[in-house]
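Asks: Mind looking over this structure? Questions follow.
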Amino acid sequence: MATIVGLSGSLRQASFNSALLRAAAERMPAGSTLVLESIRDIPLYDADLEAAQGVPPAVTRVKEAVASADGLLFSTPEYNNGVPGVAKNAIDWLSRPPADIARVFGGRPVALMGASPGNWGTILSQYAWLPVFRALGADLWSGGRLLVSRAGGAFDASGALTEERTSEALRSFLAGFVAYASGRGRR
């Protein structure tokens, strides 16, 4: 059906957003796969580094995974009512060189979701990502929304999703996005 790449916008070991992606991998619709990639080894963007050494291998690995997938599922934290710096840095690197933007992001279905210990989930972060992905030419899926608020109560100490309401919302969200990404005819 579809291969989706999942990226967490957090580096934290016990990240709710990474846990949400692991839960998503376990709840993917039949015939579809969620491949989890990491931004952990992506360095801070530096045009001098790019000019001297090219795109770092960690960036190339994630970039190629996204470019070959049917869609990108991005799980974003919310820091200070906006996007996390490490996540924005990763997306900036994935858009290098500019000639690769269309291949990596152009028309690629992208879904945003997020988990937060706060009361509003990651609504402001998700909204802040919209112009970034639009500028890259991504096909933002607007058929569903997943905002996990008070995430400390949704996951157990090991990071497993235990809240049934959130689990069902995640299944529904994934079914909608996978159907959308599958219907795009990408790959």
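Following the order of the structure tokens, chains are lettered A, B, ..., residues in each are numbered from 1, and ligands are numbered from 1.
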Can I get the residues of stretch 138-158 of chain A within 12 Å of stretch 74-96 of chain A, each with the closest pair of atoms and their distance in Å to one decimal, using only C-alpha atoms, sorted chain first then ascending number, as a tab-separated table?
Replies:
```
residue	atom	partner	partner_atom	distance
A:Ala138	CA	A:Ser95	CA	11.5
A:Leu140	CA	A:Phe74	CA	10.9
A:Trp141	CA	A:Phe74	CA	11.4
A:Arg145	CA	A:Ser75	CA	11.5
A:Leu146	CA	A:Ser75	CA	9.5
A:Leu147	CA	A:Ser75	CA	9.8
A:Val148	CA	A:Pro77	CA	10.2
A:Ser149	CA	A:Pro77	CA	10.9
A:Ala151	CA	A:Pro77	CA	11.1
```
Asks: Using only C-alpha atoms, what does the table of stretch 38-151 of chain A residues within 6 Å of stretch 166-182 of chain A look like, with each row giving the shortest atom pair and its distance in Å to one decimal, sorted by chain and ascending number, as JSON lines?
Replies:
```
{"residue": "A:Asp70", "atom": "CA", "partner": "A:Ala181", "partner_atom": "CA", "distance": 5.8}
{"residue": "A:Gly71", "atom": "CA", "partner": "A:Ala181", "partner_atom": "CA", "distance": 5.8}
{"residue": "A:Pro109", "atom": "CA", "partner": "A:Ala181", "partner_atom": "CA", "distance": 5.7}
{"residue": "A:Gly144", "atom": "CA", "partner": "A:Phe173", "partner_atom": "CA", "distance": 5.9}
```
Asks: Hey, can you spit out that residue selection with N, CA and C atoms as a PDB file, in the first residue's frame?
Replies:
```pdb
ATOM      1  N   ASP A  70       6.382   7.247   0.068  1.00  0.00           N
ATOM      2  CA  ASP A  70       5.099   7.746  -0.424  1.00  0.00           C
ATOM      3  C   ASP A  70       4.648   8.969   0.355  1.00  0.00           C
ATOM      4  N   GLY A  71       5.212   9.175   1.531  1.00  0.00           N
ATOM      5  CA  GLY A  71       4.822  10.323   2.341  1.00  0.00           C
ATOM      6  C   GLY A  71       5.737  10.490   3.530  1.00  0.00           C
ATOM      7  N   PRO A 109       3.356  14.004  -0.072  1.00  0.00           N
ATOM      8  CA  PRO A 109       2.383  14.125   1.016  1.00  0.00           C
ATOM      9  C   PRO A 109       3.084  14.196   2.376  1.00  0.00           C
ATOM     10  N   GLY A 144      -6.904  15.397   8.448  1.00  0.00           N
ATOM     11  CA  GLY A 144      -6.986  14.991   9.842  1.00  0.00           C
ATOM     12  C   GLY A 144      -6.006  15.771  10.684  1.00  0.00           C
TER      13      GLY A 144
END
```
Asks: Run DSSP on the backbone and tell me which residues of stretch 4-83 of chain A come out as strand (DSSP E or B); list them as an MDAnalysis selection string.
Replies: chainID A and resid 4:8 32:37 71:75 79 82
Asks: Write the residues of the selection above to a file with N, CA and C atoms, as a CSV table (one decimal), in the first residue's frame.
Replies:
```csv
chain,number,residue,atom,x,y,z
A,4,ILE,N,5.8,5.0,4.4
A,4,ILE,CA,5.8,6.4,5.0
A,4,ILE,C,7.1,6.5,5.8
A,5,VAL,N,7.8,7.6,5.7
A,5,VAL,CA,8.9,7.9,6.6
A,5,VAL,C,8.4,8.7,7.8
A,6,GLY,N,8.8,8.3,9.0
A,6,GLY,CA,8.4,9.1,10.2
A,6,GLY,C,9.7,9.8,10.7
A,7,LEU,N,9.5,11.1,11.0
A,7,LEU,CA,10.6,11.8,11.6
A,7,LEU,C,10.0,12.5,12.9
A,8,SER,N,10.8,12.4,14.0
A,8,SER,CA,10.5,13.1,15.2
A,8,SER,C,11.3,14.4,15.2
A,32,SER,N,0.8,-1.3,4.8
A,32,SER,CA,1.6,-0.1,4.8
A,32,SER,C,2.7,-0.2,5.9
A,33,THR,N,3.7,0.6,5.7
A,33,THR,CA,4.9,0.6,6.6
A,33,THR,C,5.3,2.0,7.0
A,34,LEU,N,5.7,2.1,8.3
A,34,LEU,CA,6.3,3.4,8.7
A,34,LEU,C,7.7,3.1,9.0
A,35,VAL,N,8.6,3.8,8.3
A,35,VAL,CA,10.1,3.6,8.5
A,35,VAL,C,10.5,4.8,9.3
A,36,LEU,N,11.0,4.6,10.5
A,36,LEU,CA,11.5,5.6,11.4
A,36,LEU,C,12.9,6.0,11.1
A,37,GLU,N,13.1,7.3,10.9
A,37,GLU,CA,14.4,7.9,10.6
A,37,GLU,C,14.7,8.9,11.8
A,71,GLY,N,5.2,9.2,1.5
A,71,GLY,CA,4.8,10.3,2.3
A,71,GLY,C,5.7,10.5,3.5
A,72,LEU,N,5.6,11.6,4.2
A,72,LEU,CA,6.4,12.0,5.4
A,72,LEU,C,5.4,12.3,6.5
A,73,LEU,N,5.6,11.5,7.6
A,73,LEU,CA,4.9,11.8,8.8
A,73,LEU,C,5.8,12.5,9.8
A,74,PHE,N,5.5,13.7,10.2
A,74,PHE,CA,6.4,14.5,11.0
A,74,PHE,C,5.7,14.7,12.3
A,75,SER,N,6.4,14.3,13.4
A,75,SER,CA,5.9,14.4,14.7
A,75,SER,C,6.7,15.5,15.4
A,79,TYR,N,8.0,24.2,21.1
A,79,TYR,CA,8.8,24.9,22.1
A,79,TYR,C,8.5,26.4,21.9
A,82,GLY,N,6.3,27.5,19.2
A,82,GLY,CA,6.7,27.4,17.8
A,82,GLY,C,7.4,26.1,17.5
```
Asks: Find the residues around stretch 99-104 of chain A up to 8 Å (only C-alpha atoms counted), leave out those fewer than 6 positions away in its own chain, and share them as a VMD selection string.
Replies: chain A and resid 63 to 64 66 to 67 136 to 137
Asks: Just to be explicit: take each residue in the selection above, keep N, CA, C and O atoms, and write the result as a PDB file, in the first residue's frame.
Replies:
```pdb
ATOM      1  N   LYS A  63      17.419  12.189   3.736  1.00  0.00           N
ATOM      2  CA  LYS A  63      16.892  12.788   2.511  1.00  0.00           C
ATOM      3  C   LYS A  63      16.466  11.728   1.506  1.00  0.00           C
ATOM      4  O   LYS A  63      15.387  11.801   0.917  1.00  0.00           O
ATOM      5  N   GLU A  64      17.305  10.719   1.328  1.00  0.00           N
ATOM      6  CA  GLU A  64      16.987   9.654   0.369  1.00  0.00           C
ATOM      7  C   GLU A  64      15.802   8.818   0.846  1.00  0.00           C
ATOM      8  O   GLU A  64      14.995   8.369   0.032  1.00  0.00           O
ATOM      9  N   VAL A  66      13.264   9.955   2.626  1.00  0.00           N
ATOM     10  CA  VAL A  66      12.070  10.773   2.359  1.00  0.00           C
ATOM     11  C   VAL A  66      11.765  10.783   0.867  1.00  0.00           C
ATOM     12  O   VAL A  66      10.614  10.600   0.455  1.00  0.00           O
ATOM     13  N   ALA A  67      12.787  10.964   0.046  1.00  0.00           N
ATOM     14  CA  ALA A  67      12.578  11.048  -1.402  1.00  0.00           C
ATOM     15  C   ALA A  67      12.004   9.760  -1.985  1.00  0.00           C
ATOM     16  O   ALA A  67      11.287   9.808  -2.992  1.00  0.00           O
ATOM     17  N   LEU A 136       8.491  24.568   0.495  1.00  0.00           N
ATOM     18  CA  LEU A 136       9.242  23.468  -0.101  1.00  0.00           C
ATOM     19  C   LEU A 136       8.430  22.715  -1.147  1.00  0.00           C
ATOM     20  O   LEU A 136       8.945  21.798  -1.788  1.00  0.00           O
ATOM     21  N   GLY A 137       7.168  23.079  -1.319  1.00  0.00           N
ATOM     22  CA  GLY A 137       6.324  22.449  -2.330  1.00  0.00           C
ATOM     23  C   GLY A 137       5.713  21.136  -1.909  1.00  0.00           C
ATOM     24  O   GLY A 137       5.218  20.382  -2.746  1.00  0.00           O
TER      25      GLY A 137
END
```
Asks: Between A:Leu20, A:Leu161, A:Ala51, A:Ala2, which has the minimum distance to A:Ala115 (counting only C-alpha atoms)?
Replies: A:Leu20
Asks: Atom CA of A:Val55 and atom CA of A:Trp129 are how many Å apart?
Replies: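 Here the two named atoms are 23.1 Å from each other.
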Asks: Just list the residues in stretch 7-160 of chain A DSSP gives alpha helix (DSSP H) on the backbone, as a PDB file with C-alpha atoms, in the first residue's frame.
Replies:
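Saved the output as part26.pdb:
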```pdb
ATOM      1  CA  PHE A  16       6.686  11.988  23.575  1.00  0.00           C
ATOM      2  CA  ASN A  17       6.945  12.673  19.839  1.00  0.00           C
ATOM      3  CA  SER A  18       9.348   9.816  19.239  1.00  0.00           C
ATOM      4  CA  ALA A  19       7.073   7.598  21.364  1.00  0.00           C
ATOM      5  CA  LEU A  20       4.107   8.736  19.246  1.00  0.00           C
ATOM      6  CA  LEU A  21       5.961   7.685  16.089  1.00  0.00           C
ATOM      7  CA  ARG A  22       6.801   4.286  17.588  1.00  0.00           C
ATOM      8  CA  ALA A  23       3.130   3.879  18.447  1.00  0.00           C
ATOM      9  CA  ALA A  24       2.235   4.869  14.887  1.00  0.00           C
ATOM     10  CA  ALA A  25       4.566   2.201  13.493  1.00  0.00           C
ATOM     11  CA  GLU A  26       2.639  -0.398  15.507  1.00  0.00           C
ATOM     12  CA  ALA A  47      26.894  26.879   4.427  1.00  0.00           C
ATOM     13  CA  ASP A  48      30.681  26.832   4.830  1.00  0.00           C
ATOM     14  CA  LEU A  49      30.551  23.162   5.849  1.00  0.00           C
ATOM     15  CA  GLU A  50      28.285  22.410   2.909  1.00  0.00           C
ATOM     16  CA  ALA A  51      30.617  24.228   0.493  1.00  0.00           C
ATOM     17  CA  ALA A  52      33.717  22.496   1.848  1.00  0.00           C
ATOM     18  CA  GLN A  53      32.403  18.970   2.393  1.00  0.00           C
ATOM     19  CA  PRO A  57      26.045  11.511   5.161  1.00  0.00           C
ATOM     20  CA  ALA A  58      23.432  11.670   7.966  1.00  0.00           C
ATOM     21  CA  VAL A  59      21.490  14.248   5.948  1.00  0.00           C
ATOM     22  CA  THR A  60      21.807  12.251   2.728  1.00  0.00           C
ATOM     23  CA  ARG A  61      20.491   9.103   4.452  1.00  0.00           C
ATOM     24  CA  VAL A  62      17.342  10.836   5.731  1.00  0.00           C
ATOM     25  CA  LYS A  63      16.892  12.788   2.511  1.00  0.00           C
ATOM     26  CA  GLU A  64      16.987   9.654   0.369  1.00  0.00           C
ATOM     27  CA  ALA A  65      14.549   7.887   2.685  1.00  0.00           C
ATOM     28  CA  VAL A  66      12.070  10.773   2.359  1.00  0.00           C
ATOM     29  CA  ALA A  67      12.578  11.048  -1.402  1.00  0.00           C
ATOM     30  CA  SER A  68      11.792   7.356  -1.921  1.00  0.00           C
ATOM     31  CA  GLY A  85      15.187  24.542  16.401  1.00  0.00           C
ATOM     32  CA  VAL A  86      16.683  21.073  15.857  1.00  0.00           C
ATOM     33  CA  ALA A  87      13.709  20.065  13.717  1.00  0.00           C
ATOM     34  CA  LYS A  88      13.827  23.222  11.598  1.00  0.00           C
ATOM     35  CA  ASN A  89      17.571  22.722  11.191  1.00  0.00           C
ATOM     36  CA  ALA A  90      16.977  19.179   9.913  1.00  0.00           C
ATOM     37  CA  ILE A  91      14.413  20.324   7.355  1.00  0.00           C
ATOM     38  CA  ASP A  92      16.770  23.107   6.252  1.00  0.00           C
ATOM     39  CA  TRP A  93      19.510  20.520   5.651  1.00  0.00           C
ATOM     40  CA  LEU A  94      17.094  18.218   3.791  1.00  0.00           C
ATOM     41  CA  ILE A 101      13.963  20.413  -3.034  1.00  0.00           C
ATOM     42  CA  ALA A 102      11.546  19.254  -5.741  1.00  0.00           C
ATOM     43  CA  ARG A 103      12.851  15.673  -5.592  1.00  0.00           C
ATOM     44  CA  VAL A 104      12.640  15.429  -1.815  1.00  0.00           C
ATOM     45  CA  ILE A 123      -1.274  23.177  17.664  1.00  0.00           C
ATOM     46  CA  LEU A 124       0.930  26.271  17.397  1.00  0.00           C
ATOM     47  CA  SER A 125       3.949  24.287  16.263  1.00  0.00           C
ATOM     48  CA  GLN A 126       1.892  22.486  13.634  1.00  0.00           C
ATOM     49  CA  TYR A 127       0.590  25.803  12.315  1.00  0.00           C
ATOM     50  CA  ALA A 128       4.123  27.222  12.289  1.00  0.00           C
ATOM     51  CA  TRP A 129       5.285  24.324  10.092  1.00  0.00           C
ATOM     52  CA  LEU A 130       2.693  25.007   7.377  1.00  0.00           C
ATOM     53  CA  PRO A 131       4.548  27.851   5.603  1.00  0.00           C
ATOM     54  CA  VAL A 132       7.830  25.918   5.783  1.00  0.00           C
ATOM     55  CA  PHE A 133       6.436  22.844   4.034  1.00  0.00           C
ATOM     56  CA  ARG A 134       4.448  24.986   1.582  1.00  0.00           C
ATOM     57  CA  ALA A 135       7.635  26.847   0.628  1.00  0.00           C
TER      58      ALA A 135
END
```
